[in-house]
Structures are given as C-alpha cells and as structure tokens.
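Text of the file protein23.pdb, holding PDB, C-alpha atoms:
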ATOM      1  CA  MET A  66     110.442  22.762 -38.106
ATOM      2  CA  GLN A  67     108.130  25.677 -37.287
ATOM      3  CA  ALA A  68     105.641  24.452 -39.930
ATOM      4  CA  ASN A  69     105.623  20.946 -38.462
ATOM      5  CA  LEU A  70     104.957  22.299 -34.956
ATOM      6  CA  THR A  71     102.108  24.442 -36.180
ATOM      7  CA  SER A  72     100.606  21.542 -38.088
ATOM      8  CA  ALA A  73     100.932  19.296 -35.035
ATOM      9  CA  LYS A  74      99.196  21.914 -32.827
ATOM     10  CA  GLU A  75      96.334  22.310 -35.275
ATOM     11  CA  SER A  76      95.961  18.544 -35.573
ATOM     12  CA  ARG A  77      95.901  18.320 -31.756
ATOM     13  CA  LYS A  78      93.318  21.086 -31.533
ATOM     14  CA  ARG A  79      91.119  19.432 -34.149
ATOM     15  CA  ALA A  80      91.469  16.102 -32.298
ATOM     16  CA  GLU A  81      90.552  17.828 -28.995
ATOM     17  CA  LEU A  82      87.588  19.541 -30.683
ATOM     18  CA  ASP A  83      86.435  16.221 -32.137
ATOM     19  CA  ALA A  84      86.825  14.606 -28.730
ATOM     20  CA  GLN A  85      84.804  17.400 -27.097
ATOM     21  CA  LEU A  86      82.070  17.157 -29.714
ATOM     22  CA  LEU A  87      81.995  13.405 -29.287
ATOM     23  CA  ALA A  88      81.830  13.787 -25.518
ATOM     24  CA  ASN A  89      78.941  16.235 -25.900
ATOM     25  CA  ARG A  90      77.086  13.848 -28.185
ATOM     26  CA  ILE A  91      77.685  10.989 -25.753
ATOM     27  CA  ALA A  92      76.390  13.110 -22.859
ATOM     28  CA  LEU A  93      73.354  14.117 -24.930
ATOM     29  CA  LEU A  94      72.671  10.506 -25.842
ATOM     30  CA  LYS A  95      72.904   9.514 -22.179
ATOM     31  CA  GLN A  96      70.441  12.282 -21.264
ATOM     32  CA  GLU A  97      68.049  11.163 -23.967
ATOM     33  CA  GLU A  98      68.389   7.555 -22.796
ATOM     34  CA  GLU A  99      67.665   8.635 -19.197
ATOM     35  CA  LYS A 100      64.625  10.609 -20.358
ATOM     36  CA  ALA A 101      63.448   7.621 -22.378
ATOM     37  CA  TRP A 102      63.719   5.332 -19.329
ATOM     38  CA  LYS A 103      61.863   7.885 -17.196
ATOM     39  CA  LYS A 104      59.075   7.999 -19.763
ATOM     40  CA  ILE A 105      59.036   4.187 -19.860
ATOM     41  CA  GLU A 106      58.720   4.036 -16.042
ATOM     42  CA  GLU A 107      56.022   6.703 -16.054
ATOM     43  CA  THR A 108      54.179   4.817 -18.790
ATOM     44  CA  ARG A 109      54.450   1.563 -16.861
ATOM     45  CA  LYS A 110      53.279   3.274 -13.683
ATOM     46  CA  ARG A 111      50.361   4.889 -15.500
ATOM     47  CA  ALA A 112      49.482   1.574 -17.142
ATOM     48  CA  ALA A 113      49.527  -0.115 -13.736
ATOM     49  CA  GLU A 114      47.289   2.639 -12.328
ATOM     50  CA  ILE A 115      44.897   2.226 -15.255
ATOM     51  CA  VAL A 116      44.802  -1.538 -14.751
ATOM     52  CA  ASP A 117      44.205  -1.061 -11.017
ATOM     53  CA  LEU A 118      41.490   1.512 -11.682
ATOM     54  CA  ARG A 119      39.900  -0.781 -14.246
ATOM     55  CA  LYS A 120      39.876  -3.610 -11.696
ATOM     56  CA  GLN A 121      38.316  -1.314  -9.116
ATOM     57  CA  ASN A 122      35.638  -0.264 -11.599
ATOM     58  CA  GLU A 123      34.990  -3.871 -12.524
ATOM     59  CA  ASN A 124      34.635  -4.761  -8.849
ATOM     60  CA  LYS A 125      32.287  -1.824  -8.289
ATOM     61  CA  PHE A 126      30.244  -2.808 -11.330
ATOM     62  CA  ALA A 127      30.074  -6.415 -10.135
ATOM     63  CA  ALA A 128      28.967  -5.227  -6.691
ATOM     64  CA  LYS A 129      26.300  -2.969  -8.189
ATOM     65  CA  GLU A 130      25.153  -5.721 -10.518
ATOM     66  CA  ASN A 131      24.873  -8.107  -7.578
ATOM     67  CA  PHE A 132      22.989  -5.444  -5.591
ATOM     68  CA  TYR A 133      20.464  -4.920  -8.380
ATOM     69  CA  LYS A 134      20.162  -8.660  -8.846
ATOM     70  CA  GLN A 135      19.354  -9.124  -5.166
ATOM     71  CA  LYS A 136      16.972  -6.186  -5.283
ATOM     72  CA  TRP A 137      15.153  -7.632  -8.310
ATOM     73  CA  GLU A 138      14.967 -11.027  -6.600
ATOM     74  CA  SER A 139      13.516  -9.295  -3.525
ATOM     75  CA  ILE A 140      10.910  -7.567  -5.693
ATOM     76  CA  ARG A 141      10.016 -10.848  -7.387
ATOM     77  CA  ALA A 142       9.682 -12.502  -3.980
ATOM     78  CA  ALA A 143       7.450  -9.657  -2.788
ATOM     79  CA  GLN A 144       5.325  -9.989  -5.913
ATOM     80  CA  ALA A 145       5.013 -13.728  -5.345
ATOM     81  CA  GLN A 146       4.081 -13.116  -1.706
ATOM     82  CA  ASN A 147       1.478 -10.556  -2.763
ATOM     83  CA  ALA A 148       0.035 -12.988  -5.286
ATOM     84  CA  MET A 149      -0.131 -15.648  -2.602
ATOM     85  CA  SER A 150      -1.836 -13.198  -0.241
ATOM     86  CA  ARG A 151      -4.374 -12.300  -2.921
ATOM     87  CA  ASP A 152      -5.064 -15.986  -3.540
ATOM     88  CA  LYS A 153      -5.544 -16.566   0.168
ATOM     89  CA  ALA A 154      -7.830 -13.554   0.437
ATOM     90  CA  ARG A 155      -9.841 -14.798  -2.544
ATOM     91  CA  ALA A 156     -10.116 -18.233  -0.923
ATOM     92  CA  VAL A 157     -11.298 -16.603   2.318
ATOM     93  CA  ARG A 158     -13.887 -14.560   0.426
ATOM     94  CA  ASP A 159     -15.118 -17.658  -1.410
ATOM     95  CA  GLN A 160     -15.265 -19.602   1.825
ATOM     96  CA  THR A 161     -17.124 -16.752   3.514
ATOM     97  CA  ARG A 162     -19.571 -16.517   0.627
ATOM     98  CA  GLU A 163     -20.135 -20.262   0.734
ATOM     99  CA  GLY A 164     -20.635 -20.098   4.481
ATOM    100  CA  MET A 165     -23.176 -17.324   4.080
ATOM    101  CA  MET A 166     -25.088 -19.339   1.498
ATOM    102  CA  GLN A 167     -25.065 -22.406   3.702
ATOM    103  CA  GLN A 168     -26.204 -20.335   6.658
ATOM    104  CA  LYS A 169     -28.944 -18.809   4.535
ATOM    105  CA  HIS A 170     -30.183 -22.235   3.487
ATOM    106  CA  ALA A 171     -29.960 -23.477   7.072
ATOM    107  CA  ASN A 172     -31.940 -20.479   8.282
ATOM    108  CA  ALA A 173     -34.531 -21.109   5.601
ATOM    109  CA  ARG A 174     -34.810 -24.753   6.625
ATOM    110  CA  ASN A 175     -35.038 -23.801  10.291
ATOM    111  CA  THR A 176     -37.685 -21.224   9.517
ATOM    112  CA  LYS A 177     -39.644 -23.737   7.507
ATOM    113  CA  GLU A 178     -39.342 -26.395  10.195
ATOM    114  CA  GLN A 179     -40.314 -23.944  12.897
ATOM    115  CA  SER A 180     -43.261 -22.783  10.830
ATOM    116  CA  GLN A 181     -44.315 -26.356  10.353
ATOM    117  CA  GLN A 182     -43.918 -27.013  14.049
ATOM    118  CA  PHE A 183     -45.889 -23.904  14.937
ATOM    119  CA  LEU A 184     -48.576 -24.882  12.440
ATOM    120  CA  LEU A 185     -48.781 -28.397  13.870
ATOM    121  CA  ALA A 186     -49.005 -27.058  17.410
ATOM    122  CA  LYS A 187     -51.637 -24.612  16.284
ATOM    123  CA  LYS A 188     -53.692 -27.357  14.686
ATOM    124  CA  GLU A 189     -53.400 -29.510  17.784
ATOM    125  CA  ARG A 190     -54.381 -26.685  20.049
ATOM    126  CA  GLU A 191     -57.227 -25.711  17.736
ATOM    127  CA  ALA A 192     -58.477 -29.326  17.746
ATOM    128  CA  GLN A 193     -58.392 -29.398  21.528
ATOM    129  CA  GLU A 194     -59.715 -25.923  22.222
ATOM    130  CA  ARG A 195     -61.751 -25.087  19.108
ATOM    131  CA  GLN A 196     -65.074 -25.388  20.894
ATOM    132  CA  ALA A 197     -64.156 -23.775  24.206
ATOM    133  CA  ASN A 198     -61.244 -21.344  23.776
ATOM    134  CA  VAL A 199     -61.641 -19.076  20.746
ATOM    135  CA  GLU A 200     -59.791 -16.197  22.449
ATOM    136  CA  ARG A 201     -56.858 -18.438  23.391
ATOM    137  CA  SER A 202     -56.611 -19.604  19.802
ATOM    138  CA  ALA A 203     -56.462 -15.994  18.618
ATOM    139  CA  TYR A 204     -53.768 -15.202  21.209
ATOM    140  CA  LEU A 205     -51.639 -18.147  20.127
ATOM    141  CA  LYS A 206     -52.004 -17.124  16.516
ATOM    142  CA  ALA A 207     -50.866 -13.593  17.333
ATOM    143  CA  LYS A 208     -47.940 -15.010  19.335
ATOM    144  CA  LYS A 209     -46.956 -17.195  16.387
ATOM    145  CA  GLU A 210     -46.966 -14.245  14.014
ATOM    146  CA  ASP A 211     -44.888 -12.179  16.434
ATOM    147  CA  ALA A 212     -42.343 -14.983  16.818
ATOM    148  CA  LYS A 213     -42.158 -15.357  13.062
ATOM    149  CA  ARG A 214     -41.590 -11.629  12.687
ATOM    150  CA  ARG A 215     -38.785 -11.611  15.270
ATOM    151  CA  LEU A 216     -37.191 -14.625  13.609
ATOM    152  CA  GLU A 217     -37.282 -12.859  10.257
ATOM    153  CA  GLU A 218     -35.818  -9.704  11.800
ATOM    154  CA  ASP A 219     -33.019 -11.714  13.415
ATOM    155  CA  ARG A 220     -32.306 -13.469  10.147
ATOM    156  CA  LEU A 221     -32.218 -10.160   8.236
ATOM    157  CA  ALA A 222     -29.951  -8.607  10.879
ATOM    158  CA  GLN A 223     -27.590 -11.569  10.648
ATOM    159  CA  LEU A 224     -27.524 -11.351   6.859
ATOM    160  CA  GLU A 225     -26.829  -7.601   7.054
ATOM    161  CA  LYS A 226     -23.936  -8.227   9.461
ATOM    162  CA  PHE A 227     -22.472 -10.836   7.113
ATOM    163  CA  ARG A 228     -22.779  -8.400   4.203
ATOM    164  CA  GLU A 229     -21.075  -5.556   6.109
ATOM    165  CA  ASP A 230     -18.213  -7.833   7.254
ATOM    166  CA  TYR A 231     -17.740  -9.085   3.708
ATOM    167  CA  GLU A 232     -17.665  -5.564   2.235
ATOM    168  CA  ALA A 233     -15.231  -4.378   4.926
ATOM    169  CA  ARG A 234     -12.843  -7.242   4.228
ATOM    170  CA  THR A 235     -13.145  -6.672   0.478
ATOM    171  CA  ALA A 236     -12.360  -2.960   0.856
ATOM    172  CA  GLN A 237      -9.355  -3.741   3.035
ATOM    173  CA  GLU A 238      -7.970  -6.227   0.525
ATOM    174  CA  GLU A 239      -8.428  -3.752  -2.344
ATOM    175  CA  LEU A 240      -6.608  -1.061  -0.345
ATOM    176  CA  LEU A 241      -3.696  -3.403   0.397
ATOM    177  CA  ARG A 242      -3.528  -4.436  -3.262
ATOM    178  CA  ALA A 243      -3.477  -0.800  -4.430
ATOM    179  CA  ARG A 244      -0.697   0.059  -1.984
ATOM    180  CA  THR A 245       1.363  -2.930  -3.035
ATOM    181  CA  ASP A 246       0.915  -2.153  -6.758
ATOM    182  CA  ALA A 247       1.975   1.464  -6.142
ATOM    183  CA  LEU A 248       5.063   0.333  -4.211
ATOM    184  CA  VAL A 249       6.080  -2.136  -6.946
ATOM    185  CA  ALA A 250       5.613   0.519  -9.655
ATOM    186  CA  LYS A 251       7.745   2.985  -7.700
ATOM    187  CA  MET A 252      10.501   0.429  -7.154
ATOM    188  CA  GLU A 253      10.479  -0.597 -10.833
ATOM    189  CA  LYS A 254      10.798   3.055 -11.860
ATOM    190  CA  GLU A 255      13.683   3.547  -9.422
ATOM    191  CA  GLU A 256      15.364   0.414 -10.767
ATOM    192  CA  MET A 257      15.160   1.635 -14.383
ATOM    193  CA  GLU A 258      16.568   5.035 -13.382
ATOM    194  CA  LEU A 259      19.497   3.419 -11.566
ATOM    195  CA  ILE A 260      20.226   1.136 -14.507
ATOM    196  CA  GLN A 261      20.193   4.111 -16.907
ATOM    197  CA  ARG A 262      22.515   6.067 -14.621
ATOM    198  CA  LEU A 263      24.863   3.098 -14.409
ATOM    199  CA  GLN A 264      24.928   2.738 -18.199
ATOM    200  CA  ASN A 265      25.671   6.472 -18.580
ATOM    201  CA  THR A 266      28.513   6.186 -16.062
ATOM    202  CA  GLN A 267      29.980   3.223 -17.936
ATOM    203  CA  ASN A 268      29.837   5.174 -21.210
ATOM    204  CA  VAL A 269      31.696   8.068 -19.578
ATOM    205  CA  GLN A 270      34.344   5.671 -18.284
ATOM    206  CA  ARG A 271      34.826   4.089 -21.712
ATOM    207  CA  ASN A 272      35.098   7.514 -23.354
ATOM    208  CA  ALA A 273      37.730   8.535 -20.784
ATOM    209  CA  TYR A 274      39.877   5.531 -21.624
ATOM    210  CA  GLU A 275      39.504   6.082 -25.338
TER     211      GLU A 275
END
Please, can you express the file's structure as structure tokens?
Amino acid sequence: MQANLTSAKESRKRAELDAQLLANRIALLKQEEEKAWKKIEETRKRAAEIVDLRKQNENKFAAKENFYKQKWESIRAAQAQNAMSRDKARAVRDQTREGMMQQKHANARNTKEQSQQFLLAKKEREAQERQANVERSAYLKAKKEDAKRRLEEDRLAQLEKFREDYEARTAQEELLRARTDALVAKMEKEEMELIQRLQNTQNVQRNAYE
C-alpha cells in the first residue's frame, strides 16, 4: 500500500509538472502571438505612413512640375512678346527710313522746282531790266544764292536731325534687346539649376525607400 501511494504521488507530481510546463508554453505562445500582432500593426501603420508620405511627395512633385510648366510658358510668352516687339521696332525703322528717303526726294524736287522758279524769275527780271538796272540784277542774283544756301542748310539740318533720331531709336532698341536676352539667359540657367536640384531630391527619396 505504501508503494502504491508513493507511485500515485509521483505520477501526480509528474502530471502537475507537465501541466505547469504546458501552461508556460501556452503563456509563451500567447506572448509571441501578441508580439507578432504588435509587429503587424506597427508594420501596417508604417506602411500607411509610407503611402501617405509617398502621396505627399507625389503631390509636391506635381505642384513643382506645374510651377515649372507655368514658368516655362511664361518665358515662352515673354520671348514671343520680345520677338513681336523687335518686329515692330524693325517695321518702325523701315518706315522711318522710307519716310526719310521720300522726304529727301521731296526736298530735292522742291529745291529743283524752286531753282527753276528762281531762274525763270531771274530771266524775266533780266529781260525787263537788262538795259537799265544792272545793279538790281546783281542784287537779285546775290539774294537768290543766299536763299539757295539757306535752303541747303535747312535741308542738311533736317537730314541731320532725322539721322540723330534714327540712331537714338536704334541704340534704345539694341539696349532693350540686350537686357531681354540677359534676363532670358538668367532665367534659363535658374530653371536648369532647379530641375537638377529636383532630380537630385527625387534620387535621394528613392534611395531612402530602397
């Protein structure tokens, strides 16, 4: 009877030890399962953050791309406006040159007509006064030469004024063109630098995700 009691106690102790070990394993498995679910939640949260960050970056990139697109369109519009201004300035210069030539021809015709008129008047006066008024004829001749000289001086002064106005307008147009070309070159350089910086930033972002 004593041997049976001892055997029963040992069997009970082994059963209790097995139960305790099993309980420990169950508790450990539950802890591992809880840790696994925590990691899953953290992974899901991190994945959601990455997706949200990616969307934000995509939106920023789209905004920047739209900004550069609008900026490029503005530059193209400015270039077109500058080209139109140059064409208008060229048309004005051509019109001015044509006007000067027409004025020159008109002045030449007027001078010729006036000379002819003076010559005719001189001949008429000489016919009427040749015999009696030699001094008056000389005076009229001197007056004619003086009038011709003043007319030539006026014509030369007018031509000089036209030339100075034309050169001043040409110099102004060249200065405006040089300033515009310098501004466009500066903006194109700035655009290329911004594009390069954006590409570098995108490479850094891709490397971070990888």
Q. On this structure, which residues satisfy the PyMOL selection byres ((chain A and resi 127-141) around 10), written as a VMD selection string?
A. chain A and resid 121 to 126 142 to 147 248 to 249 252 to 253 256 259 to 260 263
Q) Could you work out how far atom CA of Ala154 of chain A lies from atom CA of Gln237 of chain A, giving the answer in Å with one decimal? A) 10.3 Å
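Running the PyMOL selection byres ((chain A and resi 176-193) around 8) on this file leaves A:Asn172, A:Ala173, A:Arg174, A:Asn175, A:Glu194, A:Arg195, A:Gln196, A:Ser202, A:Leu205, A:Lys206, A:Lys209, A:Lys213, A:Leu216 selected.
Going from atom CA of Glu75 of chain A over to atom CA of Ala88 of chain A, you cover 19.4 Å.
For the pair atom CA of Ala73 of chain A and atom CA of Leu93 of chain A, the interatomic distance is 29.8 Å.
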Q: Tell me, as a ChimeraX atom specification, which residues lie within 12 Å of Asp230 of chain A, counting all atoms listed in the file; anything in the same chain fewer than 6 positions away does not count.
A: /A:158,161-162,165,223-224,236-237
Q. For Arg151 of chain A, which residue among A:Glu107, A:Leu241, A:Ala92, A:Arg220 is the nearest when counting only C-alpha atoms?
A. A:Leu241
Find the axis-aligned box for segment 90-102 of chain A, covering all its listed atoms and adding 4 Å on each side, and write its centre and edge lengths in Å to one decimal as AutoDock Vina command-line options.
--center_x 70.6 --center_y 9.7 --center_z -23.7 --size_x 22.2 --size_y 16.8 --size_z 17.0
Please, can segment 225-242 of chain A be completed to N, CA and C atoms and returned as a JSON list (two decimals), in the frame of the given file?
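File selection_21.json, as written:
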[["chain", "number", "residue", "atom", "x", "y", "z"],
["A", 225, "GLU", "N", -27.40, -8.94, 7.21],
["A", 225, "GLU", "CA", -26.83, -7.60, 7.05],
["A", 225, "GLU", "C", -25.43, -7.54, 7.67],
["A", 226, "LYS", "N", -25.26, -8.20, 8.82],
["A", 226, "LYS", "CA", -23.94, -8.23, 9.46],
["A", 226, "LYS", "C", -22.93, -8.97, 8.58],
["A", 227, "PHE", "N", -23.36, -10.10, 8.01],
["A", 227, "PHE", "CA", -22.47, -10.84, 7.11],
["A", 227, "PHE", "C", -22.08, -9.98, 5.91],
["A", 228, "ARG", "N", -23.06, -9.24, 5.37],
["A", 228, "ARG", "CA", -22.78, -8.40, 4.20],
["A", 228, "ARG", "C", -21.79, -7.28, 4.55],
["A", 229, "GLU", "N", -21.97, -6.64, 5.70],
["A", 229, "GLU", "CA", -21.08, -5.56, 6.11],
["A", 229, "GLU", "C", -19.66, -6.08, 6.35],
["A", 230, "ASP", "N", -19.55, -7.25, 7.02],
["A", 230, "ASP", "CA", -18.21, -7.83, 7.25],
["A", 230, "ASP", "C", -17.53, -8.17, 5.94],
["A", 231, "TYR", "N", -18.31, -8.72, 5.02],
["A", 231, "TYR", "CA", -17.74, -9.09, 3.71],
["A", 231, "TYR", "C", -17.27, -7.84, 2.95],
["A", 232, "GLU", "N", -18.06, -6.80, 2.94],
["A", 232, "GLU", "CA", -17.66, -5.56, 2.24],
["A", 232, "GLU", "C", -16.45, -4.91, 2.89],
["A", 233, "ALA", "N", -16.39, -4.96, 4.24],
["A", 233, "ALA", "CA", -15.23, -4.38, 4.93],
["A", 233, "ALA", "C", -13.95, -5.13, 4.58],
["A", 234, "ARG", "N", -14.04, -6.47, 4.58],
["A", 234, "ARG", "CA", -12.84, -7.24, 4.23],
["A", 234, "ARG", "C", -12.45, -7.02, 2.77],
["A", 235, "THR", "N", -13.45, -6.92, 1.90],
["A", 235, "THR", "CA", -13.14, -6.67, 0.48],
["A", 235, "THR", "C", -12.46, -5.32, 0.29],
["A", 236, "ALA", "N", -12.97, -4.30, 0.98],
["A", 236, "ALA", "CA", -12.36, -2.96, 0.86],
["A", 236, "ALA", "C", -10.94, -2.95, 1.39],
["A", 237, "GLN", "N", -10.70, -3.67, 2.49],
["A", 237, "GLN", "CA", -9.36, -3.74, 3.04],
["A", 237, "GLN", "C", -8.39, -4.42, 2.07],
["A", 238, "GLU", "N", -8.83, -5.52, 1.48],
["A", 238, "GLU", "CA", -7.97, -6.23, 0.52],
["A", 238, "GLU", "C", -7.67, -5.37, -0.71],
["A", 239, "GLU", "N", -8.65, -4.62, -1.18],
["A", 239, "GLU", "CA", -8.43, -3.75, -2.34],
["A", 239, "GLU", "C", -7.44, -2.64, -2.00],
["A", 240, "LEU", "N", -7.55, -2.10, -0.76],
["A", 240, "LEU", "CA", -6.61, -1.06, -0.34],
["A", 240, "LEU", "C", -5.19, -1.60, -0.26],
["A", 241, "LEU", "N", -5.03, -2.79, 0.32],
["A", 241, "LEU", "CA", -3.70, -3.40, 0.40],
["A", 241, "LEU", "C", -3.13, -3.68, -0.99],
["A", 242, "ARG", "N", -4.00, -4.16, -1.90],
["A", 242, "ARG", "CA", -3.53, -4.44, -3.26],
["A", 242, "ARG", "C", -3.08, -3.16, -3.95]]
